[in-house]
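Structure file protein34.txt with compact mmCIF, C-alpha atoms and all ligand atoms:
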# COMPACT_ATOMS: atom_id res chain seq x y z
CA MET B 1 57.22 35.15 -0.17
CA SER B 2 58.55 35.58 3.35
CA GLU B 3 60.08 39.05 3.09
CA ILE B 4 59.48 41.76 0.53
CA VAL B 5 61.58 44.92 0.54
CA ILE B 6 60.36 48.09 -1.14
CA VAL B 7 62.90 50.80 -2.00
CA GLY B 8 60.96 54.09 -2.03
CA GLY B 9 57.92 55.05 0.03
CA GLY B 10 56.22 57.39 -2.48
CA PRO B 11 52.71 56.63 -3.80
CA SER B 12 53.82 53.54 -5.73
CA GLY B 13 55.88 51.97 -2.93
CA ALA B 14 53.34 52.75 -0.19
CA MET B 15 50.43 51.31 -2.22
CA CYS B 16 52.38 48.16 -3.06
CA GLY B 17 53.35 47.70 0.59
CA GLU B 18 49.78 48.20 1.81
CA GLN B 19 48.46 45.63 -0.66
CA LEU B 20 51.07 43.03 0.35
CA ALA B 21 50.82 43.60 4.10
CA ARG B 22 47.02 43.24 3.94
CA THR B 23 47.52 39.74 2.55
CA GLY B 24 49.85 38.82 5.42
CA HIS B 25 53.27 39.33 3.86
CA SER B 26 56.23 40.71 5.78
CA VAL B 27 57.03 44.04 4.12
CA HIS B 28 59.78 46.60 4.78
CA ILE B 29 59.57 49.99 3.06
CA PHE B 30 62.76 52.09 2.99
CA ASP B 31 62.57 55.77 2.06
CA GLU B 32 65.30 58.33 2.58
CA HIS B 33 62.78 61.13 3.33
CA LEU B 34 59.51 59.39 4.28
CA ALA B 35 56.65 61.90 3.78
CA TRP B 36 58.17 64.92 2.00
CA GLU B 37 57.23 67.76 -0.34
CA LYS B 38 58.29 66.00 -3.52
CA PRO B 39 58.17 68.50 -6.43
CA CYS B 40 54.72 67.93 -7.94
CA GLY B 41 51.43 69.54 -8.88
CA GLY B 42 49.71 67.08 -6.56
CA GLY B 43 46.60 66.79 -8.77
CA LEU B 44 44.55 63.59 -8.84
CA THR B 45 41.81 63.13 -11.41
CA TYR B 46 38.42 61.41 -11.09
CA LYS B 47 40.06 58.25 -12.45
CA ALA B 48 42.11 58.13 -9.24
CA THR B 49 39.36 59.13 -6.79
CA GLN B 50 36.96 56.62 -8.34
CA CYS B 51 39.50 53.82 -7.96
CA TYR B 52 40.65 54.98 -4.49
CA PRO B 53 37.70 56.75 -2.77
CA PHE B 54 39.80 57.24 0.39
CA LEU B 55 41.54 60.05 -1.53
CA LEU B 56 38.35 62.09 -1.05
CA ASP B 57 36.99 60.53 2.16
CA ASN B 58 39.58 61.64 4.67
CA PRO B 59 40.11 64.66 6.95
CA SER B 60 43.53 65.62 5.47
CA PRO B 61 43.87 69.09 3.92
CA LYS B 62 43.27 69.08 0.17
CA LYS B 63 41.67 71.28 -2.48
CA LEU B 64 38.82 70.23 -4.77
CA VAL B 65 38.91 72.20 -8.01
CA HIS B 66 36.13 72.27 -10.61
CA ASN B 67 37.46 75.04 -12.87
CA VAL B 68 40.30 74.94 -15.39
CA GLU B 69 41.47 77.86 -17.51
CA ILE B 70 43.43 76.96 -20.65
CA ILE B 71 45.57 79.66 -22.27
CA SER B 72 47.07 79.32 -25.75
CA ALA B 73 50.54 80.47 -26.76
CA GLU B 74 48.90 83.63 -28.19
CA ASN B 75 46.86 84.18 -25.00
CA HIS B 76 43.46 82.99 -26.22
CA ARG B 77 41.66 81.89 -23.06
CA VAL B 78 38.92 79.39 -22.32
CA LYS B 79 37.40 78.15 -19.06
CA LEU B 80 36.17 74.61 -18.50
CA ASP B 81 33.83 73.40 -15.76
CA LEU B 82 34.73 69.91 -14.64
CA GLN B 83 31.91 67.55 -13.74
CA HIS B 84 34.22 65.77 -11.27
CA PRO B 85 36.76 67.82 -9.33
CA ILE B 86 40.51 67.42 -9.50
CA VAL B 87 41.65 66.84 -5.91
CA ILE B 88 44.96 68.52 -5.16
CA TYR B 89 47.24 67.58 -2.27
CA SER B 90 50.50 68.81 -0.87
CA ARG B 91 52.81 65.83 -1.38
CA THR B 92 53.81 65.80 2.29
CA VAL B 93 50.14 65.21 3.13
CA LEU B 94 49.50 62.67 0.35
CA ASN B 95 52.68 60.64 0.96
CA GLY B 96 52.06 60.77 4.73
CA MET B 97 48.52 59.45 4.31
CA LEU B 98 49.64 56.60 2.01
CA LEU B 99 52.51 55.63 4.33
CA ASP B 100 50.13 55.65 7.33
CA ARG B 101 47.83 53.27 5.47
CA ALA B 102 50.82 51.00 4.70
CA ARG B 103 51.87 51.05 8.39
CA GLU B 104 48.32 50.32 9.57
CA ALA B 105 48.20 47.35 7.18
CA GLY B 106 51.34 45.98 8.85
CA CYS B 107 54.32 47.33 6.84
CA GLN B 108 57.48 48.28 8.67
CA VAL B 109 58.47 51.71 7.38
CA HIS B 110 62.07 52.91 7.81
CA ARG B 111 63.77 56.22 7.09
CA SER B 112 66.95 55.02 5.32
CA HIS B 113 68.83 55.55 2.08
CA VAL B 114 69.37 52.35 0.09
CA HIS B 115 72.83 52.58 -1.55
CA GLU B 116 72.94 49.53 -3.78
CA VAL B 117 70.96 46.49 -4.79
CA ASP B 118 72.19 43.13 -6.08
CA THR B 119 69.80 40.76 -7.79
CA ALA B 120 72.39 38.27 -9.15
CA SER B 121 71.79 35.52 -6.57
CA ASP B 122 68.49 33.81 -5.80
CA LYS B 123 67.84 36.04 -2.83
CA PRO B 124 68.20 39.70 -3.85
CA ARG B 125 70.25 41.94 -1.55
CA TYR B 126 70.26 45.63 -0.70
CA SER B 127 72.75 47.75 1.17
CA ILE B 128 72.06 50.34 3.87
CA ASP B 129 74.89 52.09 5.76
CA GLY B 130 77.45 49.69 4.27
CA GLN B 131 75.55 46.60 5.45
CA TRP B 132 74.15 44.08 2.97
CA ARG B 133 70.82 42.40 3.82
CA ALA B 134 68.82 39.79 1.92
CA ALA B 135 65.13 39.67 0.99
CA ASP B 136 62.92 37.39 -1.07
CA PHE B 137 61.82 40.04 -3.56
CA LEU B 138 62.87 43.65 -4.21
CA VAL B 139 60.33 46.24 -5.33
CA LEU B 140 62.09 49.23 -6.87
CA ALA B 141 59.92 52.31 -6.35
CA ALA B 142 62.59 55.01 -6.14
CA GLY B 143 60.94 57.44 -8.58
CA ALA B 144 62.09 59.17 -11.77
CA ARG B 145 65.71 59.38 -10.58
CA ASN B 146 65.82 55.66 -9.73
CA GLN B 147 69.38 54.34 -10.11
CA PHE B 148 68.52 50.68 -9.52
CA LEU B 149 68.20 49.00 -12.90
CA PRO B 150 69.01 45.32 -12.44
CA GLY B 151 67.82 44.10 -15.84
CA THR B 152 66.91 47.19 -17.79
CA ARG B 153 68.38 50.38 -19.20
CA PRO B 154 68.11 53.91 -17.80
CA LEU B 155 65.62 56.36 -19.34
CA GLN B 156 67.24 58.45 -22.08
CA ARG B 157 66.98 62.25 -22.46
CA ASP B 158 64.08 62.04 -24.89
CA GLU B 159 62.22 59.84 -22.38
CA LEU B 160 62.41 62.48 -19.66
CA GLU B 161 61.01 65.95 -19.02
CA MET B 162 62.59 68.67 -16.96
CA THR B 163 60.35 70.45 -14.49
CA GLN B 164 60.80 73.64 -12.50
CA GLY B 165 58.40 75.46 -10.26
CA TYR B 166 57.54 77.38 -7.14
CA PHE B 167 55.33 76.76 -4.12
CA VAL B 168 53.62 80.15 -4.14
CA PRO B 169 52.04 81.45 -0.90
CA GLN B 170 48.75 82.33 -2.62
CA THR B 171 45.44 80.53 -3.17
CA SER B 172 43.02 80.26 -6.06
CA GLU B 173 39.88 78.37 -7.08
CA GLU B 174 41.06 77.38 -10.55
CA ILE B 175 43.74 75.39 -12.30
CA ILE B 176 45.58 77.18 -15.13
CA ILE B 177 47.23 75.41 -18.07
CA LYS B 178 49.31 77.60 -20.39
CA PHE B 179 50.80 76.49 -23.71
CA LEU B 180 53.88 78.11 -25.26
CA PRO B 181 55.06 78.64 -28.85
CA ASP B 182 57.17 75.75 -30.26
CA PHE B 183 57.34 74.13 -26.87
CA GLU B 184 56.90 70.45 -25.94
CA GLY B 185 55.34 70.91 -22.53
CA TYR B 186 53.26 73.47 -20.64
CA ILE B 187 53.01 75.73 -17.59
CA TRP B 188 50.54 74.89 -14.81
CA SER B 189 49.15 76.48 -11.68
CA PHE B 190 47.60 73.97 -9.27
CA PRO B 191 45.92 75.50 -6.19
CA ARG B 192 46.36 73.54 -2.97
CA ALA B 193 44.77 74.01 0.45
CA ASP B 194 47.08 76.90 1.44
CA HIS B 195 49.40 77.58 -1.50
CA LEU B 196 49.84 77.03 -5.26
CA SER B 197 52.16 74.72 -7.11
CA LEU B 198 53.19 76.78 -10.14
CA GLY B 199 55.46 74.98 -12.56
CA ILE B 200 56.61 74.15 -16.07
CA CYS B 201 57.53 70.88 -17.74
CA GLY B 202 59.36 70.50 -21.02
CA SER B 203 61.06 67.77 -23.03
CA MET B 204 64.66 67.31 -21.84
CA SER B 205 65.89 66.64 -25.38
CA ALA B 206 64.15 69.69 -26.88
CA HIS B 207 64.58 72.45 -24.27
CA THR B 208 67.10 73.87 -21.80
CA SER B 209 66.53 74.67 -18.14
CA SER B 210 67.15 78.41 -18.73
CA GLU B 211 64.46 78.32 -21.44
CA LEU B 212 62.03 76.77 -18.93
CA ARG B 213 62.87 79.29 -16.24
CA SER B 214 62.49 82.25 -18.59
CA HIS B 215 59.03 81.06 -19.78
CA LEU B 216 57.91 80.47 -16.19
CA HIS B 217 59.08 83.89 -14.96
CA THR B 218 57.42 85.68 -17.88
CA PHE B 219 54.15 83.87 -17.17
CA ALA B 220 54.35 84.49 -13.40
CA ALA B 221 54.88 88.22 -14.03
CA SER B 222 52.01 88.47 -16.53
CA GLU B 223 49.57 86.58 -14.25
CA LYS B 224 50.82 88.35 -11.09
CA PHE B 225 52.01 85.29 -9.19
CA ALA B 226 54.22 86.40 -6.29
CA ILE B 227 57.21 84.11 -6.86
CA GLU B 228 59.75 86.41 -5.12
CA SER B 229 58.94 84.90 -1.71
CA ALA B 230 58.17 81.41 -3.10
CA LYS B 231 60.23 78.24 -2.65
CA PHE B 232 61.80 77.01 -5.91
CA TYR B 233 61.78 73.33 -6.96
CA SER B 234 62.99 71.24 -9.88
CA HIS B 235 62.79 67.55 -10.68
CA VAL B 236 62.59 65.15 -13.61
CA LEU B 237 59.51 63.45 -14.94
CA PRO B 238 59.44 60.31 -17.11
CA SER B 239 57.93 60.92 -20.54
CA PRO B 240 57.75 57.49 -22.16
CA GLN B 241 58.18 57.13 -25.92
CA VAL B 242 56.57 54.26 -27.82
CA ARG B 243 59.84 52.30 -27.62
CA THR B 244 59.98 52.74 -23.81
CA PHE B 245 57.10 50.28 -23.46
CA SER B 246 58.78 47.53 -25.50
CA ASP B 247 62.48 48.18 -24.66
CA ARG B 248 62.47 48.34 -20.89
CA SER B 249 61.74 45.31 -18.70
CA VAL B 250 59.78 46.14 -15.58
CA ILE B 251 60.17 42.77 -13.91
CA GLY B 252 62.86 40.13 -13.40
CA ARG B 253 63.27 36.93 -11.39
CA ASN B 254 63.40 38.64 -7.99
CA TRP B 255 62.74 42.33 -8.63
CA ALA B 256 60.19 44.67 -10.25
CA LEU B 257 59.89 48.38 -11.05
CA ILE B 258 56.76 50.39 -10.25
CA GLY B 259 55.60 54.02 -10.61
CA ASP B 260 57.98 56.60 -12.08
CA ALA B 261 60.85 54.11 -11.89
CA ALA B 262 58.94 52.04 -14.46
CA ALA B 263 58.11 55.24 -16.45
CA TRP B 264 54.37 54.82 -15.88
CA VAL B 265 53.50 58.46 -16.65
CA ASP B 266 51.19 59.99 -19.26
CA PRO B 267 53.63 61.73 -21.65
CA LEU B 268 50.95 64.19 -22.78
CA THR B 269 49.84 65.48 -19.39
CA GLY B 270 52.58 64.39 -16.98
CA GLU B 271 49.98 62.63 -14.81
CA GLY B 272 51.81 59.97 -12.81
CA LEU B 273 50.21 59.73 -9.36
CA PHE B 274 47.36 57.45 -10.41
CA TYR B 275 49.66 55.18 -12.43
CA ALA B 276 52.13 55.03 -9.52
CA MET B 277 49.39 53.93 -7.11
CA ARG B 278 47.77 51.54 -9.55
CA SER B 279 51.07 49.90 -10.60
CA GLY B 280 51.95 49.47 -6.90
CA GLU B 281 48.59 47.88 -6.25
CA LEU B 282 48.81 45.57 -9.30
CA LEU B 283 52.32 44.39 -8.47
CA GLY B 284 51.28 43.88 -4.84
CA LYS B 285 48.31 41.80 -5.94
CA SER B 286 50.44 39.70 -8.33
CA LEU B 287 53.11 39.08 -5.67
CA ALA B 288 50.49 38.25 -3.06
CA GLU B 289 49.11 35.56 -5.38
CA GLY B 290 52.64 34.21 -5.85
CA CYS B 291 52.49 35.14 -9.57
CA PRO B 292 54.68 38.24 -10.08
CA ASP B 293 54.77 37.46 -13.82
CA LYS B 294 51.14 38.57 -14.07
CA TYR B 295 52.18 42.17 -13.30
CA PRO B 296 53.02 43.39 -16.87
CA ALA B 297 49.80 41.96 -18.35
CA ARG B 298 47.72 43.49 -15.56
CA VAL B 299 49.33 46.88 -16.13
CA LYS B 300 48.68 46.61 -19.86
CA ALA B 301 45.02 45.77 -19.28
CA SER B 302 44.65 48.56 -16.73
CA PHE B 303 46.49 51.54 -18.25
CA SER B 304 49.72 51.08 -20.21
CA ALA B 305 47.92 50.78 -23.58
CA GLU B 306 46.53 54.29 -22.86
CA LEU B 307 49.99 55.66 -22.06
CA GLU B 308 51.37 54.10 -25.24
CA PHE B 309 48.61 55.80 -27.23
CA ALA B 310 49.53 59.15 -25.63
CA ALA B 311 53.18 58.53 -26.56
CA ARG B 312 52.12 58.16 -30.22
CA ILE B 313 50.34 61.51 -30.36
CA VAL B 314 52.35 63.68 -27.98
CA ARG B 315 54.70 65.19 -30.57
CA ARG B 316 51.82 65.89 -32.92
CA PHE B 317 49.91 67.57 -30.08
CA TYR B 318 52.71 69.95 -29.06
CA ARG B 319 54.44 70.45 -32.44
CA GLY B 320 51.75 69.88 -35.05
CA SER B 321 49.76 72.57 -36.84
CA PHE B 322 46.24 72.80 -38.21
CA LEU B 323 45.02 75.45 -40.66
CA GLY B 324 48.28 77.39 -40.26
CA CYS B 325 48.20 77.53 -36.45
CA SER B 326 49.64 75.30 -33.76
CA VAL B 327 47.42 72.40 -32.62
CA THR B 328 47.26 73.78 -29.06
CA THR B 329 46.13 77.22 -30.27
CA ARG B 330 43.50 75.72 -32.57
CA MET B 331 42.35 73.55 -29.66
CA VAL B 332 41.74 76.62 -27.47
CA GLN B 333 39.94 78.42 -30.33
CA PHE B 334 37.67 75.42 -30.92
CA LEU B 335 37.03 75.16 -27.19
CA GLN B 336 35.94 78.81 -27.12
CA ARG B 337 33.36 78.12 -29.82
CA ASN B 338 32.07 74.62 -29.25
CA ALA B 339 30.31 73.35 -26.12
CA VAL B 340 30.47 69.68 -27.20
CA PHE B 341 34.23 69.95 -27.59
CA ARG B 342 34.49 71.65 -24.17
CA GLN B 343 32.61 68.73 -22.64
CA LEU B 344 34.90 66.26 -24.38
CA LEU B 345 38.06 67.93 -23.10
CA SER B 346 36.61 68.19 -19.57
CA ASP B 347 35.95 64.43 -19.69
CA LEU B 348 39.51 63.80 -20.88
CA ILE B 349 40.90 65.90 -18.03
CA CYS B 350 38.72 64.14 -15.44
CA GLY B 351 39.65 60.74 -16.87
CA THR B 352 36.06 59.70 -17.68
CA GLN B 353 37.09 59.69 -21.38
CA ASP B 354 40.15 57.67 -22.38
CA TYR B 355 42.33 58.31 -25.44
CA THR B 356 41.74 54.96 -27.12
CA THR B 357 37.96 55.37 -27.52
CA LEU B 358 38.16 59.10 -28.28
CA LYS B 359 38.06 58.71 -32.04
CA GLN B 360 34.62 57.06 -32.08
CA ARG B 361 33.15 59.75 -29.85
CA VAL B 362 34.66 62.56 -31.94
CA LEU B 363 33.56 61.23 -35.30
CA GLY B 364 30.04 60.68 -34.07
CA HIS B 365 29.50 64.00 -32.36
CA LEU B 366 31.69 66.79 -33.68
CA GLY B 367 31.19 68.81 -36.86
CA GLY B 368 33.37 68.57 -40.01
CA THR B 369 36.35 70.85 -39.28
CA LEU B 370 36.46 69.97 -35.63
CA SER B 371 36.35 66.24 -36.25
CA GLN B 372 39.11 66.63 -38.91
CA PHE B 373 41.13 68.57 -36.34
CA VAL B 374 40.85 65.88 -33.66
CA SER B 375 41.41 63.08 -36.20
CA SER B 376 44.57 64.80 -37.46
CA VAL B 377 45.97 64.78 -33.93
CA LEU B 378 44.84 61.23 -33.18
CA ASN B 379 45.78 59.64 -36.49
CA PHE B 380 48.54 57.47 -35.15
CA GLU B 381 48.97 55.51 -38.40
CA ARG B 382 50.82 58.55 -39.72
CA PRO B 383 54.43 58.73 -38.33
CA ALA B 384 54.61 61.39 -35.63
CA SER B 385 57.71 62.89 -37.28
CA LYS B 386 55.57 63.93 -40.29
CA LEU B 387 53.65 66.64 -38.54
CA PRO B 388 50.26 67.37 -40.04
CA THR B 389 49.44 70.63 -41.75
CA VAL B 390 45.85 70.03 -42.80
CA THR B 391 43.64 72.35 -44.82
CA PRO B 392 40.18 70.84 -44.58
CA ALA B 393 36.99 72.11 -46.18
CA ALA B 394 35.07 74.65 -44.11
CA ASP B 395 32.26 73.39 -41.85
C1 LIG B 401 57.02 68.93 -11.03
C2 LIG B 401 56.13 67.74 -11.16
C3 LIG B 401 54.75 67.90 -11.15
C4 LIG B 401 53.91 66.77 -11.18
N1 LIG B 401 52.57 66.96 -11.08
C5 LIG B 401 51.74 65.87 -11.07
C6 LIG B 401 50.35 66.03 -10.88
O1 LIG B 401 49.83 67.13 -10.64
N2 LIG B 401 49.57 64.92 -10.94
C7 LIG B 401 50.10 63.68 -11.17
O2 LIG B 401 49.33 62.71 -11.24
N3 LIG B 401 51.42 63.50 -11.31
C8 LIG B 401 52.26 64.56 -11.25
N4 LIG B 401 53.61 64.38 -11.35
C9 LIG B 401 54.15 63.01 -11.40
C10 LIG B 401 54.19 62.41 -9.98
O3 LIG B 401 54.86 63.29 -9.11
C11 LIG B 401 54.90 61.06 -10.00
O4 LIG B 401 54.38 60.29 -11.06
C12 LIG B 401 54.75 60.29 -8.70
O5 LIG B 401 55.34 60.97 -7.62
C13 LIG B 401 55.41 58.92 -8.82
O6 LIG B 401 55.33 58.23 -7.60
P1 LIG B 401 56.45 57.15 -7.22
O7 LIG B 401 56.06 56.58 -5.92
O8 LIG B 401 56.68 56.25 -8.37
O9 LIG B 401 57.80 58.01 -7.09
P2 LIG B 401 58.14 59.18 -6.08
O10 LIG B 401 56.93 59.91 -5.66
O11 LIG B 401 59.25 59.95 -6.72
O12 LIG B 401 58.69 58.41 -4.80
C14 LIG B 401 59.96 57.80 -4.80
C15 LIG B 401 60.45 57.73 -3.36
O13 LIG B 401 61.67 57.00 -3.34
C16 LIG B 401 62.53 57.57 -2.39
N5 LIG B 401 63.90 57.18 -2.77
C17 LIG B 401 64.53 57.46 -3.92
N6 LIG B 401 65.75 56.90 -3.93
C18 LIG B 401 65.88 56.25 -2.74
C19 LIG B 401 66.94 55.47 -2.14
N7 LIG B 401 68.07 55.23 -2.80
N8 LIG B 401 66.74 54.96 -0.90
C20 LIG B 401 65.58 55.20 -0.24
N9 LIG B 401 64.56 55.94 -0.75
C21 LIG B 401 64.71 56.43 -1.98
C22 LIG B 401 62.24 59.06 -2.45
O14 LIG B 401 62.56 59.69 -1.21
C23 LIG B 401 60.74 59.08 -2.76
O15 LIG B 401 59.96 59.28 -1.60
C24 LIG B 401 54.48 65.49 -11.31
C25 LIG B 401 55.86 65.32 -11.37
C26 LIG B 401 56.68 66.44 -11.28
C27 LIG B 401 58.18 66.26 -11.29

Will you turn the file into structure tokens for me?
Ligand SMILES: Cc1cc2nc3c(=O)[nH]c(=O)nc-3n(C[C@H](O)[C@H](O)[C@H](O)COP(=O)(O)OP(=O)(O)OC[C@H]3O[C@@H](n4cnc5c(N)ncnc54)[C@H](O)[C@@H]3O)c2cc1C
Amino acid sequence: MSEIVIVGGGPSGAMCGEQLARTGHSVHIFDEHLAWEKPCGGGLTYKATQCYPFLLDNPSPKKLVHNVEIISAENHRVKLDLQHPIVIYSRTVLNGMLLDRAREAGCQVHRSHVHEVDTASDKPRYSIDGQWRAADFLVLAAGARNQFLPGTRPLQRDELEMTQGYFVPQTSEEIIIKFLPDFEGYIWSFPRADHLSLGICGSMSAHTSSELRSHLHTFAASEKFAIESAKFYSHVLPSPQVRTFSDRSVIGRNWALIGDAAAWVDPLTGEGLFYAMRSGELLGKSLAEGCPDKYPARVKASFSAELEFAARIVRRFYRGSFLGCSVTTRMVQFLQRNAVFRQLLSDLICGTQDYTTLKQRVLGHLGGTLSQFVSSVLNFERPASKLPTVTPAAD
């Protein structure tokens, strides 16, 4: 590969560029903003800091948070202590740090908008300011709104979430997660070094933007978040369905998609930063070895099986019921009562527990009702459209 061009210098593009430049490739990264405050919570779990220790070992401003408060739709509250902190960055800081690493590794980073790409001929082309240029391989890392889809289809409404939020000039020591009645999504407050990212995400096919805004304003008023002087943001977030993983190609002869453009996001939590960085790294590694075709298998082995599992249970999690109450409300009630369950959820949030091995841990360690509850949410043999209403025997 003599020249690799990366469209998008967010976490996925910057990581891919760094990986390739370190192995001696000529890499150009084009981003229309460079380091910018992309709408985001900015939270990275232990999974990410374990894989990329530089996310903790650096002097850049960030917040390490050990406490999470979860609030049900009916306002039941529970606090979790995390064994490993969630590290929360402003995206200007995080993107800047990742782009600096790419530059130091040898990437040439340009502030430019890429208008079009053309992958029909052997050498793919891209256009900037009306001028077409050729490369040897195009990495498409332009995020959730990526328009460059050489050999694949765009994400459909039910594969996307809407998000809205505010950067609130306030600080806090805890993350808040708030569930809502009959709502496929949640509200979050993520404290950063000198402000909060307060936001809401909800399925684009199930909810309207005015619904999201109304929920967010009601919550901000009840929790006394000062949003009057806060900067508003909105963006889209991929929320892959099971079919997304089989229907959409992420690689062709001379191009590949990474990060949000490839829909590598956990549909249950909206976590995408780790998967963006990891997919960038795995594509970079595969290209550096001259074997881009290894990229999909490497992603599957690393994380996409987990995301597919989350896609199977997401509807059941947000829309299902258990003993006459929503799953999310029952979850908070069980968390209030059971320390083992609190530990399990803390591990899931940190990323030390994955979804695919959850069932074994639950069945071995939780009591009757609680293990029936978790099994009813995880039972992916049952079609997600048939939402469970289970009445198990008492503990
Ligand atoms: C509101 C919100 C909250 C979130 N909170 C979290 C969280 O707390 N934790 C978490 O893990 N994930 C979170 N996510 C997901 C996370 O933001 C994304 O998964 C992550 O940013 C994906 O990285 P990326 O590099 O693939 O794309 P992006 O970060 O979107 O980067 C794409 C880049 O491409 C550039 N670009 C786009 N088009 C062009 C073009 N034509 N020419 C040149 N440049 C272009 C853009 O300027 C941008 O810099 C959140 C998402 C949203 C919307």

Practice task
Between B:Phe322, B:Phe341, B:Phe148, B:Phe30, single out the one closest to B:Ala262, counting only C-alpha atoms.
Solution key: B:Phe148

Exercise for the section: List every protein, DNA or RNA residue that has an atom no more than 12 Å from (62.3, 83.3, -14.8) in the file's coordinate frame, counting all atoms listed in the file, and report them as a list in words. Expected result: Gln164, Gly165, Tyr166, Gly199, Ile200, Ser209, Ser210, Glu211, Leu212, Arg213, Ser214, His215, Leu216, His217, Thr218, Phe219, Ala220, Ala221, Ser222, Phe225, Ile227, Glu228 and Phe232 of chain B

Exercise for the section: Give the residue list for ligand LIG 401 (chain B) at 6 Å, counting all atoms listed in the file, as number ranges by chain, sorted by chain and then by residue number. Expected result: B: 7-13, 30-34, 39-44, 112-115, 141-144, 146, 163, 235-237, 259-261, 265, 270-274, 276

Exercise for the section: One decimal, Å: what's the distance from atom CA of B:Val314 over to atom CA of B:Glu69, could you say? Expected result: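 Those two atoms sit 20.7 Å apart.
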
Exercise for the section: Mind checking which residues fall within 8 Å of stretch 302-313 of chain B, counting only C-alpha atoms, ignoring those fewer than 5 positions away in the same chain, and posting them as a ChimeraX atom specification? Expected result: /B:240-242,245,264-268,275,354-356,377-380,384

Restricting it to C-alpha atoms, dump the selection as a PDB file, in the frame of the given file.
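out-v7.pdb, freshly written:
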ATOM      1  CA  PRO B 240      57.750  57.490 -22.160  1.00  0.00           C
ATOM      2  CA  GLN B 241      58.180  57.130 -25.920  1.00  0.00           C
ATOM      3  CA  VAL B 242      56.570  54.260 -27.820  1.00  0.00           C
ATOM      4  CA  PHE B 245      57.100  50.280 -23.460  1.00  0.00           C
ATOM      5  CA  TRP B 264      54.370  54.820 -15.880  1.00  0.00           C
ATOM      6  CA  VAL B 265      53.500  58.460 -16.650  1.00  0.00           C
ATOM      7  CA  ASP B 266      51.190  59.990 -19.260  1.00  0.00           C
ATOM      8  CA  PRO B 267      53.630  61.730 -21.650  1.00  0.00           C
ATOM      9  CA  LEU B 268      50.950  64.190 -22.780  1.00  0.00           C
ATOM     10  CA  TYR B 275      49.660  55.180 -12.430  1.00  0.00           C
ATOM     11  CA  ASP B 354      40.150  57.670 -22.380  1.00  0.00           C
ATOM     12  CA  TYR B 355      42.330  58.310 -25.440  1.00  0.00           C
ATOM     13  CA  THR B 356      41.740  54.960 -27.120  1.00  0.00           C
ATOM     14  CA  VAL B 377      45.970  64.780 -33.930  1.00  0.00           C
ATOM     15  CA  LEU B 378      44.840  61.230 -33.180  1.00  0.00           C
ATOM     16  CA  ASN B 379      45.780  59.640 -36.490  1.00  0.00           C
ATOM     17  CA  PHE B 380      48.540  57.470 -35.150  1.00  0.00           C
ATOM     18  CA  ALA B 384      54.610  61.390 -35.630  1.00  0.00           C
TER      19      ALA B 384
END

Handout entry: Nearest candidate to B:Arg330 (options B:Ser234, B:Gln343, B:Thr369, B:Ser26; using only C-alpha atoms)
Key =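 Using only C-alpha atoms, B:Arg330 sits closest to B:Thr369.
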
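Comparing the minimum interatomic distances between B:Asp247 and each of B:Lys224, B:Arg342, B:Arg153, B:Lys231, counting all atoms listed in the file, we find that B:Arg153 sits nearest.
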
Would you pick out the contacts of B:Ala193 at 7 Å or less, using all atoms listed in the file, so that residues sharing its chain but fewer than 6 positions from it are not included, and give the list as an mmCIF file with C-alpha atoms, keeping the file's coordinate frame?
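Contents of out21.cif, freshly written:
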data_model
loop_
_atom_site.group_PDB
_atom_site.id
_atom_site.type_symbol
_atom_site.label_atom_id
_atom_site.label_comp_id
_atom_site.auth_asym_id
_atom_site.auth_seq_id
_atom_site.Cartn_x
_atom_site.Cartn_y
_atom_site.Cartn_z
ATOM 1 C CA PRO B 61 43.870 69.090 3.920
ATOM 2 C CA LYS B 62 43.270 69.080 0.170
ATOM 3 C CA LYS B 63 41.670 71.280 -2.480
#

Practice task
Find, counting only C-alpha atoms, the residue in B:Asn75, B:Ser60, B:Ser127, B:Gln170 that gets nearest to B:Thr92.
Solution key: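 The answer is B:Ser60, which sits nearest to B:Thr92.
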
Please enclose the listed atoms of stretch 107-113 of chain B in an axis-aligned box, pad each side by 6 Å, and write out the centre and the three edge lengths in Å, rounded to one decimal, as AutoDock Vina command-line options.
--center_x 61.6 --center_y 51.8 --center_z 5.4 --size_x 26.5 --size_y 20.9 --size_z 18.6

Exercise for the section: Find the residues around B:Leu366 up to 10 Å (all atoms listed in the file counted), leave out those fewer than 5 positions away in its own chain, and share them as a list in words. Expected result: Asn338, Val340, Phe341, Leu344, Arg361, Ser371, Gln372, Phe373 and Val374 of chain B

Problem - Pick from B:Val362, B:Leu370, B:Ile71, B:Ile187, whichever lies nearest to B:Thr329 using only C-alpha atoms - result: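 Closest residue, counting only C-alpha atoms: B:Ile71.
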
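Going from atom CA of B:Ser279 over to atom CA of B:Arg101, you cover 16.7 Å.
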